[in-house]
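Worksheet for the structure shown next.
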Amino acid sequence: MGEKLQKPPLVEALCELRFDPASPWDMTFPGLLYERVRNDFPERVQVDALEIDVGSSLGRARLAPVQRKVDRMQFSRPDKSAMVQVGPHLLTVNHLRPYPTWDGFRALISHVIEEHERVAGFLPVKRLGLRYVNQIELPARPQKARELSRWINLVPQLTRGLDRPVRGLYQRYEIEHDTPAGVLIHQTGFVVQNAIPALLLDLDFGSENPGVKTMADVSCWLDGAHDRIGTSFIETLNPEYYERIKKGDA
């Protein structure tokens with residue numbers, strides 16, 4: 001984000017559109033969309049959701065058998081680097097590593113949205129979101145929360161008896177923005193996975209009822225949201241660490 005990074009910590013980027021639930025929806029839409037994008041996303045899987053009907057009979061709780069329903073369809077590239085998910089009033093474009101430039105990802109998003117509109121027509125957008133998930137692998141597990149300041153600026157100020165070895169950490173902030181109008185959900189966390197300590201930086205910018213009417217409106221919104229996320233990404237990181245990943249020295 002921002003300047004080109006030689007060693008970016010990005011693990012996933014995604015764009016999500018949630019359409020007005022009152023708008024028309026037909027279960028043939030996913031299949032029709034697949035036919036239009038199958039050259040880019042040839043692999044198709046059905047993602048099921050589980051439904052449990054909790055009712056009552058003569059004052060006693062009753063559980064109906066678990067039922068599966070189609071929640072969404074998922075189309076992906078053979079290498080799983082990118083995918084499209086489509087379901088009732090939902091469209092998502094995901095990109096994993098290796099991540100292209102922003103221009104490349106935005107072009108992919110625009111292509112999928114345009115093909116979806118050719119199938120389903122224009123559907124009013126209830127929520128539009130752009131999200132970047134980063135994972136910073138650490139050389140060793142920090143013993144104190146303040147040691148995380150070598151990588152990020154936002155660390156809890158644990159003092160006195162609370163200044164103890166940290167097994168896990170999670171912080172969440174919801175930050176309002178004006179241009180575009182929306183909320184940035186800013187989350188950081190410290191985890192250990194497969195004995196490897198890592199910092200997670202999850203930046204999710206979204207607008208409710210963004211008022212987009214055309215693909216040009218969506219592109220303008222995406223650029224603004226990407227700028228908000230990019231600025232937040234840079235300002236969250238320790239400046240010395242940011243310089244290292246720019247040069248590939250991290």
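Going through the structure tokens in order, the chains are called A, B, and so on, while each chain numbers its residues from 1 and the ligands are numbered from 1 in the order shown.
Contact shell of A:Leu96 at 9 Å (only C-alpha atoms; same-chain neighbours under 2 positions omitted): Leu10, Val11, Glu12, Ala13, Leu14, Lys80, Ser81, Ala82, Met83, Asn94, Pro98 and Tyr99 of chain A.
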Just write the chosen residues, N, CA and C atoms, as a PDB file, in the first residue's frame.
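So the final result, stored in result_26.pdb, reads:
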```pdb
ATOM      1  N   LEU A  10       1.188  -8.599   3.328  1.00  0.00           N
ATOM      2  CA  LEU A  10      -0.192  -8.871   2.949  1.00  0.00           C
ATOM      3  C   LEU A  10      -0.420 -10.364   2.712  1.00  0.00           C
ATOM      4  N   VAL A  11      -1.499 -10.893   3.288  1.00  0.00           N
ATOM      5  CA  VAL A  11      -1.874 -12.292   3.030  1.00  0.00           C
ATOM      6  C   VAL A  11      -3.191 -12.397   2.270  1.00  0.00           C
ATOM      7  N   GLU A  12      -4.073 -11.393   2.397  1.00  0.00           N
ATOM      8  CA  GLU A  12      -5.332 -11.435   1.649  1.00  0.00           C
ATOM      9  C   GLU A  12      -5.907 -10.040   1.507  1.00  0.00           C
ATOM     10  N   ALA A  13      -6.447  -9.771   0.317  1.00  0.00           N
ATOM     11  CA  ALA A  13      -7.216  -8.554   0.058  1.00  0.00           C
ATOM     12  C   ALA A  13      -8.566  -8.975  -0.481  1.00  0.00           C
ATOM     13  N   LEU A  14      -9.611  -8.248  -0.119  1.00  0.00           N
ATOM     14  CA  LEU A  14     -10.923  -8.610  -0.637  1.00  0.00           C
ATOM     15  C   LEU A  14     -11.825  -7.388  -0.740  1.00  0.00           C
ATOM     16  N   LYS A  80      -5.432 -21.022  -6.736  1.00  0.00           N
ATOM     17  CA  LYS A  80      -6.124 -20.493  -5.560  1.00  0.00           C
ATOM     18  C   LYS A  80      -5.667 -19.091  -5.175  1.00  0.00           C
ATOM     19  N   SER A  81      -5.009 -18.383  -6.072  1.00  0.00           N
ATOM     20  CA  SER A  81      -4.524 -17.037  -5.740  1.00  0.00           C
ATOM     21  C   SER A  81      -5.646 -16.009  -5.714  1.00  0.00           C
ATOM     22  N   ALA A  82      -6.753 -16.293  -6.380  1.00  0.00           N
ATOM     23  CA  ALA A  82      -7.888 -15.370  -6.399  1.00  0.00           C
ATOM     24  C   ALA A  82      -9.172 -16.158  -6.547  1.00  0.00           C
ATOM     25  N   MET A  83     -10.261 -15.580  -6.041  1.00  0.00           N
ATOM     26  CA  MET A  83     -11.544 -16.261  -6.131  1.00  0.00           C
ATOM     27  C   MET A  83     -12.679 -15.252  -6.128  1.00  0.00           C
ATOM     28  N   ASN A  94     -11.834 -12.035  -3.801  1.00  0.00           N
ATOM     29  CA  ASN A  94     -10.695 -12.224  -2.884  1.00  0.00           C
ATOM     30  C   ASN A  94      -9.410 -12.406  -3.677  1.00  0.00           C
ATOM     31  N   PRO A  98       0.302 -14.527  -4.703  1.00  0.00           N
ATOM     32  CA  PRO A  98       0.965 -13.227  -4.840  1.00  0.00           C
ATOM     33  C   PRO A  98      -0.029 -12.145  -5.246  1.00  0.00           C
ATOM     34  N   TYR A  99       0.024 -11.016  -4.552  1.00  0.00           N
ATOM     35  CA  TYR A  99      -0.908  -9.924  -4.793  1.00  0.00           C
ATOM     36  C   TYR A  99      -0.375  -9.042  -5.926  1.00  0.00           C
TER      37      TYR A  99
END
```
Quick one: which stretch 69-117 of chain A residues come within 12 Å of stretch 221-244 of chain A, and what is the nearest atom pair for each with the distance in Å to one decimal, counting only C-alpha atoms, rows ordered by chain and ascending number, as JSON lines?
```
{"residue": "A:Thr101", "atom": "CA", "partner": "A:His226", "partner_atom": "CA", "distance": 11.8}
{"residue": "A:Trp102", "atom": "CA", "partner": "A:His226", "partner_atom": "CA", "distance": 8.4}
{"residue": "A:Asp103", "atom": "CA", "partner": "A:Asp223", "partner_atom": "CA", "distance": 9.5}
{"residue": "A:Phe105", "atom": "CA", "partner": "A:Leu222", "partner_atom": "CA", "distance": 10.5}
{"residue": "A:Arg106", "atom": "CA", "partner": "A:Leu222", "partner_atom": "CA", "distance": 7.6}
{"residue": "A:Ala107", "atom": "CA", "partner": "A:Leu222", "partner_atom": "CA", "distance": 10.7}
{"residue": "A:Ile109", "atom": "CA", "partner": "A:Leu222", "partner_atom": "CA", "distance": 9.5}
{"residue": "A:Ser110", "atom": "CA", "partner": "A:Leu222", "partner_atom": "CA", "distance": 9.8}
```
task = For atom CA of A:Val192 and atom CA of A:Phe205, determine how far apart the two atoms are, in Å to one decimal place.
result = 26.2 Å
request  = Apply DSSP to the backbone of this structure and, from stretch 98-244 of chain A, keep only the residues in strand (DSSP E or B); write these as a PyMOL selection string.
outcome  = chain A and resi 125-137+152+169-178+181-193+196-208+237
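Atom CA of A:Leu184 to atom CA of A:Asp204 spans 5.6 Å [interatomic distance, one decimal].
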inquiry  = Please extract the residues of stretch 15-247 of chain A with a backbone DSSP assignment of alpha helix (DSSP H) and present them as a PyMOL selection string.
reply    = chain A and resi 29-37+102-120+215-236+239-247
